[in-house]
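Engineer: This is target_12.txt, which holds compact mmCIF, C-alpha atoms and all ligand atoms:
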# COMPACT_ATOMS: atom_id res chain seq x y z
CA MET A 1 24.96 15.22 40.47
CA LEU A 2 22.26 17.56 39.12
CA SER A 3 21.85 17.81 35.35
CA THR A 4 22.97 21.03 33.69
CA PRO A 5 20.24 22.81 31.64
CA ILE A 6 21.85 21.67 28.38
CA THR A 7 21.95 18.03 29.52
CA TYR A 8 18.25 18.18 30.28
CA ALA A 9 17.46 19.93 26.96
CA LEU A 10 19.48 17.37 24.99
CA ARG A 11 17.73 14.48 26.69
CA VAL A 12 14.35 15.92 25.67
CA PHE A 13 15.52 16.81 22.14
CA THR A 14 17.01 13.40 21.37
CA ARG A 15 13.84 11.73 22.56
CA LEU A 16 11.53 13.97 20.54
CA TYR A 17 13.68 14.05 17.41
CA PRO A 18 15.66 10.82 17.30
CA THR A 19 18.33 10.40 14.63
CA GLN A 20 17.67 7.34 12.47
CA LYS A 21 20.49 5.30 10.97
CA PRO A 22 20.39 5.53 7.18
CA LEU A 23 20.62 2.39 5.10
CA VAL A 24 24.30 1.50 4.62
CA PHE A 25 26.18 -0.35 1.90
CA SER A 26 29.72 -1.36 2.75
CA GLY A 27 32.70 -2.71 0.86
CA VAL A 28 34.17 -2.62 -2.64
CA GLY A 29 31.40 -1.78 -5.13
CA SER A 30 29.13 -0.23 -2.52
CA THR A 31 28.93 3.12 -4.35
CA GLN A 32 27.48 1.25 -7.35
CA LYS A 33 24.95 -0.38 -5.03
CA LEU A 34 24.06 3.06 -3.70
CA ALA A 35 23.54 4.25 -7.29
CA ASN A 36 21.37 1.19 -8.00
CA LEU A 37 19.19 2.05 -5.02
CA MET A 38 18.77 5.61 -6.27
CA VAL A 39 17.71 4.36 -9.71
CA ALA A 40 15.36 1.78 -8.17
CA ALA A 41 13.78 4.58 -6.14
CA GLY A 42 12.93 6.33 -9.43
CA GLN A 43 15.52 9.10 -9.55
CA SER A 44 17.39 9.59 -12.80
CA LYS A 45 18.86 13.09 -12.76
CA PRO A 46 21.14 13.53 -9.76
CA LEU A 47 23.32 16.52 -9.03
CA LEU A 48 26.64 14.82 -8.30
CA ILE A 49 28.35 17.01 -5.69
CA THR A 50 32.05 16.34 -5.29
CA ASP A 51 35.37 18.17 -5.27
CA ASN A 52 37.62 18.95 -8.17
CA PHE A 53 40.44 16.67 -7.01
CA LEU A 54 38.20 13.60 -6.90
CA LEU A 55 36.69 14.44 -10.27
CA THR A 56 39.94 15.09 -12.11
CA SER A 57 41.79 12.17 -10.47
CA GLY A 58 39.50 9.79 -12.33
CA MET A 59 38.33 8.19 -9.08
CA LEU A 60 34.70 8.90 -9.95
CA ASP A 61 34.83 7.72 -13.57
CA GLU A 62 33.48 4.28 -12.73
CA THR A 63 30.57 5.66 -10.69
CA ILE A 64 29.63 8.23 -13.32
CA ALA A 65 29.78 5.58 -16.08
CA HIS A 66 27.67 3.26 -13.93
CA LEU A 67 25.01 5.93 -13.38
CA LYS A 68 24.93 6.67 -17.12
CA ASP A 69 24.64 2.94 -17.88
CA LYS A 70 21.61 2.89 -15.63
CA GLY A 71 20.02 5.63 -17.73
CA CYS A 72 20.81 8.59 -15.49
CA GLU A 73 21.68 12.06 -16.67
CA VAL A 74 24.42 13.16 -14.27
CA ILE A 75 24.98 16.86 -13.57
CA VAL A 76 28.37 17.32 -11.93
CA PHE A 77 29.03 20.12 -9.43
CA ASP A 78 32.63 20.18 -8.21
CA ASP A 79 33.07 23.76 -6.98
CA ILE A 80 33.60 22.78 -3.34
CA VAL A 81 36.43 23.93 -1.08
CA PRO A 82 37.26 23.23 2.58
CA ASN A 83 35.05 25.36 4.85
CA PRO A 84 32.41 25.99 2.12
CA THR A 85 30.50 29.26 2.23
CA PHE A 86 26.90 30.28 1.62
CA GLN A 87 28.03 31.31 -1.89
CA HIS A 88 29.12 27.75 -2.70
CA VAL A 89 25.80 26.39 -1.50
CA GLU A 90 23.87 29.03 -3.50
CA LYS A 91 25.75 28.01 -6.68
CA ALA A 92 24.90 24.35 -6.11
CA ILE A 93 21.24 25.22 -5.46
CA LYS A 94 21.17 27.16 -8.74
CA ALA A 95 22.69 24.20 -10.62
CA THR A 96 20.10 21.84 -9.10
CA LYS A 97 17.18 24.09 -10.04
CA GLN A 98 18.43 25.03 -13.52
CA ASN A 99 18.89 21.37 -14.42
CA SER A 100 15.70 20.18 -12.67
CA CYS A 101 17.71 17.58 -10.74
CA ASP A 102 15.59 15.08 -8.84
CA SER A 103 18.20 13.95 -6.30
CA ILE A 104 21.61 14.71 -4.78
CA PHE A 105 24.48 12.21 -4.95
CA ALA A 106 27.43 13.34 -2.82
CA ILE A 107 30.90 11.82 -3.01
CA GLY A 108 33.49 13.56 -0.89
CA GLY A 109 34.67 14.65 2.52
CA GLY A 110 32.89 16.64 5.21
CA SER A 111 32.65 19.85 3.14
CA VAL A 112 31.03 18.11 0.17
CA ILE A 113 28.58 16.31 2.44
CA ASP A 114 27.65 19.47 4.34
CA VAL A 115 26.93 21.33 1.10
CA ALA A 116 24.91 18.38 -0.24
CA LYS A 117 22.74 18.23 2.87
CA VAL A 118 21.90 21.92 2.78
CA VAL A 119 21.30 21.96 -1.00
CA ALA A 120 18.89 19.00 -0.76
CA ALA A 121 16.83 20.81 1.88
CA ALA A 122 17.07 24.33 0.43
CA VAL A 123 15.76 23.28 -3.00
CA THR A 124 12.53 21.79 -1.69
CA ASN A 125 11.93 24.32 1.07
CA ASP A 126 12.47 27.37 -1.12
CA LYS A 127 13.88 29.39 1.77
CA SER A 128 16.92 31.61 1.97
CA LEU A 129 19.89 29.94 3.60
CA HIS A 130 19.66 32.39 6.49
CA LYS A 131 16.11 31.19 7.17
CA LEU A 132 17.23 27.56 7.02
CA THR A 133 20.00 28.16 9.56
CA GLY A 134 19.44 26.77 13.03
CA LEU A 135 17.36 24.07 14.61
CA LEU A 136 14.45 22.22 12.96
CA LYS A 137 13.88 24.60 10.03
CA VAL A 138 13.27 21.92 7.36
CA LYS A 139 9.51 21.80 6.79
CA THR A 140 9.32 19.97 3.44
CA PRO A 141 11.28 16.72 2.97
CA PRO A 142 14.56 17.41 1.11
CA LEU A 143 15.46 15.97 -2.29
CA PRO A 144 16.55 12.33 -1.91
CA LEU A 145 20.16 12.38 -0.73
CA TYR A 146 22.77 9.62 -1.24
CA ILE A 147 26.28 9.86 0.24
CA THR A 148 29.64 8.18 -0.20
CA PRO A 149 32.16 9.70 2.25
CA THR A 150 35.79 9.81 1.12
CA THR A 151 37.30 10.33 4.55
CA SER A 152 36.63 8.26 7.67
CA GLY A 153 36.22 10.56 10.60
CA THR A 154 33.53 13.22 10.45
CA GLY A 155 30.65 10.76 10.41
CA SER A 156 28.74 13.41 8.41
CA GLU A 157 26.95 10.69 6.46
CA VAL A 158 25.01 9.82 9.61
CA THR A 159 24.64 13.10 11.47
CA ASN A 160 21.68 15.45 11.46
CA ALA A 161 23.73 18.61 11.02
CA ALA A 162 25.72 20.62 8.48
CA VAL A 163 28.07 23.56 8.95
CA ILE A 164 28.48 26.34 6.38
CA SER A 165 30.59 29.53 6.71
CA ASP A 166 28.78 32.83 6.47
CA THR A 167 31.26 35.25 4.91
CA GLU A 168 29.15 38.26 5.94
CA THR A 169 29.38 37.55 9.66
CA HIS A 170 32.59 35.43 9.49
CA LYS A 171 30.86 32.79 11.55
CA LYS A 172 30.11 29.13 10.99
CA LYS A 173 26.38 28.56 10.73
CA PHE A 174 24.81 25.31 11.90
CA PHE A 175 21.89 23.60 10.18
CA VAL A 176 20.36 20.96 12.45
CA ASP A 177 17.40 18.75 11.61
CA SER A 178 16.94 14.98 11.38
CA GLN A 179 15.82 15.61 7.78
CA TYR A 180 19.44 16.31 6.81
CA LEU A 181 20.14 12.59 7.06
CA PRO A 182 20.63 10.83 3.72
CA ILE A 183 18.43 8.01 2.49
CA ALA A 184 21.48 5.78 2.25
CA ALA A 185 25.27 5.87 2.42
CA ALA A 186 28.09 3.77 0.98
CA LEU A 187 31.31 3.01 2.88
CA ASP A 188 33.48 2.29 -0.12
CA PRO A 189 37.14 1.44 0.60
CA GLU A 190 38.14 1.99 -3.05
CA LEU A 191 37.31 5.68 -2.64
CA LEU A 192 39.15 5.89 0.68
CA LYS A 193 42.46 4.27 -0.18
CA SER A 194 44.16 7.37 -1.64
CA LEU A 195 43.83 9.32 1.60
CA PRO A 196 47.40 10.04 2.86
CA ALA A 197 48.47 8.41 6.15
CA HIS A 198 48.70 11.66 8.16
CA ILE A 199 45.15 12.68 7.17
CA THR A 200 43.87 9.13 7.77
CA ALA A 201 45.39 9.32 11.26
CA ALA A 202 43.94 12.74 12.10
CA VAL A 203 40.41 12.01 10.86
CA GLY A 204 40.54 8.59 12.52
CA MET A 205 41.29 10.31 15.83
CA ASP A 206 38.31 12.60 15.15
CA ALA A 207 36.14 9.47 14.92
CA LEU A 208 37.70 8.13 18.14
CA THR A 209 36.95 11.44 19.84
CA HIS A 210 33.31 11.30 18.68
CA ALA A 211 32.95 7.80 20.13
CA ILE A 212 34.65 8.60 23.45
CA GLU A 213 32.78 11.88 23.94
CA ALA A 214 29.50 10.08 23.14
CA PHE A 215 30.32 7.21 25.51
CA THR A 216 31.16 9.57 28.39
CA SER A 217 28.31 12.03 27.68
CA LYS A 218 25.58 12.39 30.28
CA VAL A 219 22.98 11.83 27.54
CA ASN A 220 23.85 8.25 26.84
CA SER A 221 21.68 5.19 26.22
CA ALA A 222 22.12 1.47 25.69
CA GLU A 223 22.24 2.07 21.92
CA VAL A 224 24.91 4.78 22.19
CA ASP A 225 26.95 2.63 24.59
CA ARG A 226 26.88 -0.29 22.18
CA ASP A 227 27.71 1.66 19.01
CA ALA A 228 30.31 3.97 20.56
CA ALA A 229 32.10 1.07 22.28
CA LEU A 230 32.16 -0.92 19.03
CA ALA A 231 33.52 2.10 17.15
CA ILE A 232 36.29 2.46 19.75
CA LYS A 233 37.21 -1.22 19.49
CA LEU A 234 37.30 -1.14 15.67
CA LEU A 235 39.44 2.01 15.66
CA PHE A 236 42.00 0.63 18.13
CA ASP A 237 42.22 -2.58 16.10
CA HIS A 238 42.28 -1.14 12.58
CA LEU A 239 43.40 2.51 12.53
CA PRO A 240 47.12 1.60 12.96
CA LYS A 241 46.79 -0.93 10.13
CA VAL A 242 45.24 1.55 7.73
CA CYS A 243 47.83 4.22 8.61
CA ALA A 244 50.61 1.72 7.89
CA ASP A 245 49.07 0.48 4.65
CA GLY A 246 46.50 2.67 2.94
CA ASN A 247 45.72 -0.11 0.46
CA ASP A 248 44.51 -2.48 3.18
CA LEU A 249 40.91 -2.41 1.96
CA HIS A 250 39.54 -4.48 4.83
CA ALA A 251 41.05 -2.08 7.39
CA ARG A 252 39.84 0.92 5.34
CA GLU A 253 36.30 -0.44 5.31
CA THR A 254 36.37 -1.25 9.02
CA VAL A 255 37.61 2.22 9.97
CA ALA A 256 34.84 3.70 7.80
CA GLN A 257 32.30 1.55 9.68
CA ALA A 258 33.75 2.76 12.98
CA SER A 259 33.49 6.37 11.85
CA PHE A 260 29.85 5.78 10.86
CA LEU A 261 29.02 4.28 14.27
CA ALA A 262 30.88 7.05 16.08
CA GLY A 263 28.99 9.69 14.08
CA TYR A 264 25.68 8.04 14.87
CA SER A 265 26.60 7.86 18.57
CA PHE A 266 27.48 11.51 18.99
CA SER A 267 24.43 12.65 17.04
CA LYS A 268 22.37 10.94 19.76
CA SER A 269 24.38 12.01 22.79
CA SER A 270 26.40 15.15 21.94
CA LEU A 271 30.11 15.85 22.13
CA GLY A 272 32.32 17.40 24.83
CA TYR A 273 35.24 19.66 25.67
CA VAL A 274 37.62 18.16 23.11
CA HIS A 275 35.40 19.52 20.36
CA ALA A 276 34.54 22.71 22.27
CA ILE A 277 38.26 23.57 22.52
CA SER A 278 39.38 22.24 19.13
CA HIS A 279 36.67 24.17 17.25
CA GLN A 280 38.12 27.44 18.61
CA ILE A 281 41.69 26.37 17.79
CA SER A 282 40.67 25.57 14.21
CA ALA A 283 38.82 28.90 13.92
CA HIS A 284 41.91 30.82 15.07
CA TYR A 285 44.67 28.95 13.25
CA ASN A 286 42.93 26.84 10.59
CA THR A 287 44.27 23.72 12.33
CA PRO A 288 42.71 20.60 10.76
CA HIS A 289 39.79 19.48 12.93
CA GLY A 290 40.98 15.91 13.44
CA LEU A 291 44.50 16.98 14.36
CA ALA A 292 43.30 19.52 16.93
CA ASN A 293 41.03 16.86 18.47
CA ALA A 294 43.79 14.26 18.49
CA VAL A 295 46.12 16.54 20.46
CA ILE A 296 43.47 17.81 22.89
CA LEU A 297 41.80 14.41 23.55
CA PRO A 298 44.36 13.01 26.06
CA ARG A 299 44.25 16.27 28.05
CA VAL A 300 40.45 16.24 28.36
CA LEU A 301 40.50 12.55 29.28
CA GLU A 302 42.99 13.41 32.04
CA PHE A 303 40.53 16.05 33.30
CA ASN A 304 37.62 13.58 33.22
CA LYS A 305 39.43 10.49 34.46
CA VAL A 306 38.03 10.52 38.01
CA THR A 307 34.46 11.56 37.14
CA SER A 308 34.30 9.19 34.14
CA ALA A 309 36.40 6.43 35.74
CA LYS A 310 33.66 3.80 35.53
CA ARG A 311 32.99 4.50 31.85
CA LEU A 312 36.67 4.55 30.92
CA ALA A 313 37.28 1.36 32.93
CA LYS A 314 34.52 -0.34 30.94
CA LEU A 315 36.31 0.57 27.71
CA GLU A 316 39.61 -0.70 29.08
CA LEU A 317 38.07 -4.04 30.00
CA MET A 318 36.55 -4.33 26.52
CA LEU A 319 39.87 -3.57 24.83
CA SER A 320 41.99 -5.78 27.05
CA GLY A 321 39.51 -8.65 26.73
CA LYS A 322 40.12 -9.40 30.40
CA GLN A 323 37.86 -9.31 33.41
CA GLU A 324 40.57 -8.18 35.81
CA SER A 325 39.72 -7.12 39.30
CA LYS A 326 42.00 -4.08 39.20
CA ASP A 327 40.44 -1.01 40.72
CA ILE A 328 38.42 1.21 38.46
CA GLN A 329 40.82 4.15 38.60
CA THR A 330 43.74 1.97 37.46
CA LEU A 331 41.68 0.64 34.56
CA ALA A 332 40.75 4.21 33.58
CA GLU A 333 44.45 5.17 33.68
CA ASN A 334 45.26 2.18 31.50
CA PHE A 335 42.69 3.34 28.96
CA LEU A 336 44.31 6.78 28.87
CA GLY A 337 47.64 5.05 28.27
CA ARG A 338 46.12 3.21 25.31
CA VAL A 339 44.87 6.45 23.75
CA ASN A 340 48.35 8.00 24.09
CA ASP A 341 49.98 4.89 22.62
CA LEU A 342 47.58 4.84 19.67
CA ALA A 343 48.22 8.53 18.94
CA LYS A 344 51.99 7.95 19.06
CA THR A 345 51.80 4.85 16.84
CA ILE A 346 49.95 6.70 14.09
CA GLY A 347 52.17 9.79 14.24
CA ILE A 348 49.98 12.32 16.02
CA PRO A 349 52.15 15.16 17.42
CA SER A 350 51.96 15.97 21.13
CA SER A 351 51.55 19.72 20.68
CA LEU A 352 50.03 22.38 18.46
CA PRO A 353 52.82 24.94 17.95
CA GLU A 354 50.47 27.46 16.34
CA ILE A 355 48.62 28.19 19.58
CA LYS A 356 49.53 31.58 21.02
CA GLN A 357 49.31 32.56 24.69
CA SER A 358 47.74 35.87 23.65
CA ASP A 359 44.70 33.99 22.27
CA PHE A 360 44.10 31.86 25.38
CA LYS A 361 41.46 34.18 26.83
CA LYS A 362 39.31 34.28 23.69
CA ILE A 363 39.69 30.55 22.95
CA THR A 364 38.77 29.71 26.55
CA LYS A 365 35.73 31.99 26.62
CA ASP A 366 34.36 30.62 23.33
CA ALA A 367 35.09 26.98 24.24
CA LEU A 368 33.24 27.28 27.55
CA ALA A 369 30.32 28.99 25.80
CA GLU A 370 30.11 26.25 23.14
CA ALA A 371 30.16 23.48 25.74
CA ARG A 372 27.59 25.24 27.93
CA ALA A 373 25.23 25.65 24.97
CA SER A 374 25.64 22.28 23.26
CA TYR A 375 27.24 19.42 25.20
CA ALA A 376 26.23 17.13 28.07
CA VAL A 377 29.71 16.92 29.55
CA PRO A 378 30.53 14.56 32.44
CA LYS A 379 32.36 17.28 34.43
CA VAL A 380 32.14 21.04 33.98
CA MET A 381 35.36 22.93 33.24
CA ARG A 382 36.26 26.35 34.55
CA ARG A 383 38.39 28.94 32.82
CA LYS A 384 41.56 27.78 34.51
CA ASP A 385 40.97 24.19 33.34
CA VAL A 386 40.77 25.17 29.67
CA GLU A 387 43.74 27.50 30.05
CA ALA A 388 45.78 24.71 31.65
CA ILE A 389 45.04 22.49 28.64
CA LEU A 390 46.03 25.24 26.20
CA ASN A 391 49.15 25.91 28.23
CA SER A 392 50.14 22.25 28.18
CA VAL A 393 49.78 22.20 24.41
CA SER A 394 51.93 25.29 23.83
CA ASN A 395 54.38 24.50 26.66
CA GLU A 396 55.15 21.14 25.14
CA GLN A 397 55.95 22.92 21.93
CA THR A 398 58.63 25.04 23.62
CA ALA A 399 59.95 22.22 25.84
FE FE A 401 34.63 15.97 15.11
The structure given in the file should be rewritten as structure tokens.
Ligand SMILES: [Fe+2]

Structural biologist:
Amino acid sequence: MLSTPITYALRVFTRLYPTQKPLVFSGVGSTQKLANLMVAAGQSKPLLITDNFLLTSGMLDETIAHLKDKGCEVIVFDDIVPNPTFQHVEKAIKATKQNSCDSIFAIGGGSVIDVAKVVAAAVTNDKSLHKLTGLLKVKTPPLPLYITPTTSGTGSEVTNAAVISDTETHKKKFFVDSQYLPIAAALDPELLKSLPAHITAAVGMDALTHAIEAFTSKVNSAEVDRDAALAIKLLFDHLPKVCADGNDLHARETVAQASFLAGYSFSKSSLGYVHAISHQISAHYNTPHGLANAVILPRVLEFNKVTSAKRLAKLELMLSGKQESKDIQTLAENFLGRVNDLAKTIGIPSSLPEIKQSDFKKITKDALAEARASYAVPKVMRRKDVEAILNSVSNEQTA
């Protein structure tokens, strides 16, 4: 099959501007190790970007005390909300400049990390945020950036992009450059264990979607295959455990590692229709990203199951641990069954009741446009394919 223009462009882009894995610390105490690295690198006045819940819950007390013990002056910035806007980023830039901070230390979910990435680059590049929006706009290396994610799903700690809402245009603006990657990240289960089970499940399915979309992308490579497959295996083995017992620190750490690998994989190979559709659903109804992905994923796999049969069969063989001689299509079907079983086990609903028939046209148009512009999908959807998926989601709700 001929490559679509975007597949060709992504192949060239990922070769010219490869994403590099940041240094990673993992396990209990890894945030302290991350702080030690920052101090060893010569930085002593970080802007600590986080959210108000984490700060007031006392979960960061140990890290802040540790940084102070190491001689750091810590400036805390906790004015971060879900879907942060240009105004939030501007405030954080101001705080960084006014306090002459020499580094950014981010502890939080996707919103905190996105703000931290853009602040680190905006401070050194002295450009308006509008001028920093888009592809490859970071000319001067950003302030040193260190990240501890507090959810396991977005993979933001290892991706080369950030998303910020522009309240003037009411659109999400993308910032894409390999320089948005942190110097190092910590996968710290102590900071993950308070995440409620339903959020753990949804963001875990986001990580699974990243890995599957990367593995079935037409811009794949031996490295993506290896990391995405490992992420999928770790998620199938450990996501149910962590949803059943949030204090299982080993499972928490392993799911965080899977999310990291999944994030790295999709940053090298792009995503697919699950994200193209779920982004529009979230924009219309504010549906949490992971939840929208989790519900849409089985439907897109159903659409791809013939074209991607070989890839899905490979995953099934890995997960079953068998070398059965069943035909490829049966193995692919079995893999789809596993995804459905996993979703059921961790309490993912089978529909999104908020989706309205009257929005189908707009959601479909925007999803197709996003996929056409950004993703190397294995099989191209038409309008009727997206509408059938949306219909199945809302039909199930009324059934
Ligand atoms: Fe995602």

Engineer: Near stretch 239-250 of chain A, counting all atoms listed in the file, which residues have an atom at most 6 Å away, once you skip same-chain residues fewer than 6 positions from it, shown as a PyMOL selection string?

Structural biologist: chain A and resi 189+193+197+346

Engineer: Put those residues in a file: C-alpha atoms, as a PDB file, in the coordinates of the input.

Structural biologist:
ATOM      1  CA  PRO A 189      37.140   1.440   0.600  1.00  0.00           C
ATOM      2  CA  LYS A 193      42.460   4.270  -0.180  1.00  0.00           C
ATOM      3  CA  ALA A 197      48.470   8.410   6.150  1.00  0.00           C
ATOM      4  CA  ILE A 346      49.950   6.700  14.090  1.00  0.00           C
TER       5      ILE A 346
END

Engineer: What separation in Å, quoted to one decimal, exists between atom CA of A:Ile104 and atom CA of A:Asn36?

Structural biologist: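 We find that atom CA of A:Ile104 and atom CA of A:Asn36 lie 13.9 Å from each other.
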
Engineer: Given all atoms listed in the file, how would the per-residue table for chain A near ligand FE 401 (chain A) read, listing every residue at most 9 Å away with its closest atom pair and distance in Å to one decimal, sorted by chain and number, as JSON lines?

Structural biologist:
{"residue": "A:Gly153", "atom": "CA", "partner": "A:FE401", "partner_atom": "FE", "distance": 7.2}
{"residue": "A:Thr154", "atom": "CA", "partner": "A:FE401", "partner_atom": "FE", "distance": 5.5}
{"residue": "A:Gly155", "atom": "CA", "partner": "A:FE401", "partner_atom": "FE", "distance": 8.1}
{"residue": "A:Val203", "atom": "CA", "partner": "A:FE401", "partner_atom": "FE", "distance": 8.2}
{"residue": "A:Met205", "atom": "CA", "partner": "A:FE401", "partner_atom": "FE", "distance": 8.8}
{"residue": "A:Asp206", "atom": "CA", "partner": "A:FE401", "partner_atom": "FE", "distance": 5.0}
{"residue": "A:Ala207", "atom": "CA", "partner": "A:FE401", "partner_atom": "FE", "distance": 6.7}
{"residue": "A:Leu208", "atom": "CA", "partner": "A:FE401", "partner_atom": "FE", "distance": 8.9}
{"residue": "A:Thr209", "atom": "CA", "partner": "A:FE401", "partner_atom": "FE", "distance": 6.9}
{"residue": "A:His210", "atom": "CA", "partner": "A:FE401", "partner_atom": "FE", "distance": 6.0}
{"residue": "A:Gly263", "atom": "CA", "partner": "A:FE401", "partner_atom": "FE", "distance": 8.5}
{"residue": "A:Leu271", "atom": "CA", "partner": "A:FE401", "partner_atom": "FE", "distance": 8.4}
{"residue": "A:Val274", "atom": "CA", "partner": "A:FE401", "partner_atom": "FE", "distance": 8.8}
{"residue": "A:His275", "atom": "CA", "partner": "A:FE401", "partner_atom": "FE", "distance": 6.4}
{"residue": "A:Ser278", "atom": "CA", "partner": "A:FE401", "partner_atom": "FE", "distance": 8.8}
{"residue": "A:His279", "atom": "CA", "partner": "A:FE401", "partner_atom": "FE", "distance": 8.7}
{"residue": "A:His289", "atom": "CA", "partner": "A:FE401", "partner_atom": "FE", "distance": 6.6}
{"residue": "A:Gly290", "atom": "CA", "partner": "A:FE401", "partner_atom": "FE", "distance": 6.6}
{"residue": "A:Asn293", "atom": "CA", "partner": "A:FE401", "partner_atom": "FE", "distance": 7.3}

Engineer: With a distance cut-off of 8 Å and all atoms listed in the file, select the neighbouring residues of stretch 325-334 of chain A, excluding the residue or stretch itself and same-chain residues fewer than 3 positions from it, and output the selection as a list in words.

Structural biologist: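 Here the answer would be Lys305, Val306, Ala309, Lys310, Arg311, Leu312, Ala313, Glu316, Leu317, Gly337 and Arg338 of chain A.
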
Engineer: Which residues are near A:Leu129? Cut-off 10 Å, all atoms listed in the file, ignore same chain within fewer than 3 positions. Put them as number ranges by chain.

Structural biologist: A: 86-87, 89-90, 118-119, 121-122, 126, 132-134, 164, 166, 173, 175

Engineer: Find the residues near A:Glu253: any atom within 9 Å, counting only C-alpha atoms, skip ones fewer than 3 places away on the same chain, and give them as a VMD selection string.

Structural biologist: chain A and resid 26 to 28 187 to 190 192 248 to 250 256 to 258

Engineer: Skipping near chain neighbours, those fewer than 6 positions away, what residues fall within 6 Å of stretch 44-59 of chain A using all atoms listed in the file, listed as JSON, numbers by chain?

Structural biologist: {"A": [72, 73, 74, 75, 76, 77, 78, 80, 101, 102, 103, 104, 105, 106, 107, 108, 112]}

Engineer: Could you please determine the separation between atom CA of A:Gln32 and atom CA of A:Ala184 in Å, to one decimal place?

Structural biologist: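 Between atom CA of A:Gln32 and atom CA of A:Ala184 the gap is 12.2 Å.
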
Engineer: Restricting the calculation to all atoms listed in the file, which member of A:Thr364, A:Thr254, A:Asn340, A:Ser194 is positioned closest to A:Leu234?

Structural biologist: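 Among A:Thr364, A:Thr254, A:Asn340, A:Ser194, it is A:Thr254 that comes nearest to A:Leu234.
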
Engineer: Which residue is closest to A:Ala371? Choose from A:Leu297, A:Val24, A:Ile277, A:Val255 and count all atoms listed in the file.

Structural biologist: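 Checking each candidate against A:Ala371, we get A:Ile277 as the closest.
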
Engineer: Quick check, in Å to one decimal: how far apart do atom CA of A:Lys384 and atom CA of A:Lys356 lie?

Structural biologist: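 A separation of 16.1 Å between them.
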
Engineer: Pick the closest to A:Thr167 from A:Pro142, A:Phe25, A:His238, A:Thr85: which is it, counting all atoms listed in the file?

Structural biologist: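 Among A:Pro142, A:Phe25, A:His238, A:Thr85, it is A:Thr85 that comes nearest to A:Thr167.
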
Engineer: Which is closest to A:Ile113 among A:Asn99, A:Asn160, A:Ser374, A:Gln357, if we use all atoms listed in the file?

Structural biologist: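 Smallest separation from A:Ile113 among the options: A:Asn160.
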
Engineer: For A:Gln43, which residue among A:Gly347, A:Leu135, A:Ser320, A:Tyr146 is the nearest when counting all atoms listed in the file?

Structural biologist: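 Comparing A:Gly347, A:Leu135, A:Ser320, A:Tyr146 against A:Gln43, the winner is A:Tyr146.
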
Engineer: Can you work out which one of A:Phe360, A:Ile281, A:Ala388, A:Phe236 has the shortest atom-to-atom distance to A:Leu342, counting all atoms listed in the file?

Structural biologist: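 Going through A:Phe360, A:Ile281, A:Ala388, A:Phe236 one by one, the smallest distance to A:Leu342 is for A:Phe236.
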
Engineer: Since the input is missing atoms for stretch 115-126 of chain A, could you rebuild it with N, CA and C atoms and give the result as an mmCIF file, in the coordinates of the input?

Structural biologist:
data_model
loop_
_atom_site.group_PDB
_atom_site.id
_atom_site.type_symbol
_atom_site.label_atom_id
_atom_site.label_comp_id
_atom_site.auth_asym_id
_atom_site.auth_seq_id
_atom_site.Cartn_x
_atom_site.Cartn_y
_atom_site.Cartn_z
ATOM 1 N N VAL A 115 27.589 20.576 2.179
ATOM 2 C CA VAL A 115 26.930 21.330 1.100
ATOM 3 C C VAL A 115 25.743 20.518 0.557
ATOM 4 N N ALA A 116 25.968 19.233 0.332
ATOM 5 C CA ALA A 116 24.910 18.380 -0.240
ATOM 6 C C ALA A 116 23.664 18.364 0.651
ATOM 7 N N LYS A 117 23.874 18.265 1.948
ATOM 8 C CA LYS A 117 22.740 18.230 2.870
ATOM 9 C C LYS A 117 21.910 19.522 2.777
ATOM 10 N N VAL A 118 22.614 20.645 2.770
ATOM 11 C CA VAL A 118 21.900 21.920 2.780
ATOM 12 C C VAL A 118 21.222 22.164 1.425
ATOM 13 N N VAL A 119 21.895 21.778 0.338
ATOM 14 C CA VAL A 119 21.300 21.960 -1.000
ATOM 15 C C VAL A 119 20.010 21.136 -1.095
ATOM 16 N N ALA A 120 20.066 19.889 -0.658
ATOM 17 C CA ALA A 120 18.890 19.000 -0.760
ATOM 18 C C ALA A 120 17.691 19.609 -0.036
ATOM 19 N N ALA A 121 17.938 20.229 1.109
ATOM 20 C CA ALA A 121 16.830 20.810 1.880
ATOM 21 C C ALA A 121 16.407 22.170 1.331
ATOM 22 N N ALA A 122 17.392 22.973 0.891
ATOM 23 C CA ALA A 122 17.070 24.330 0.430
ATOM 24 C C ALA A 122 16.226 24.300 -0.842
ATOM 25 N N VAL A 123 16.491 23.335 -1.718
ATOM 26 C CA VAL A 123 15.760 23.280 -3.000
ATOM 27 C C VAL A 123 14.272 23.027 -2.772
ATOM 28 N N THR A 124 13.945 22.118 -1.879
ATOM 29 C CA THR A 124 12.530 21.790 -1.690
ATOM 30 C C THR A 124 11.822 22.780 -0.757
ATOM 31 N N ASN A 125 12.571 23.417 0.109
ATOM 32 C CA ASN A 125 11.930 24.320 1.070
ATOM 33 C C ASN A 125 11.833 25.760 0.582
ATOM 34 N N ASP A 126 12.552 26.042 -0.517
ATOM 35 C CA ASP A 126 12.470 27.370 -1.120
ATOM 36 C C ASP A 126 12.610 28.495 -0.087
#
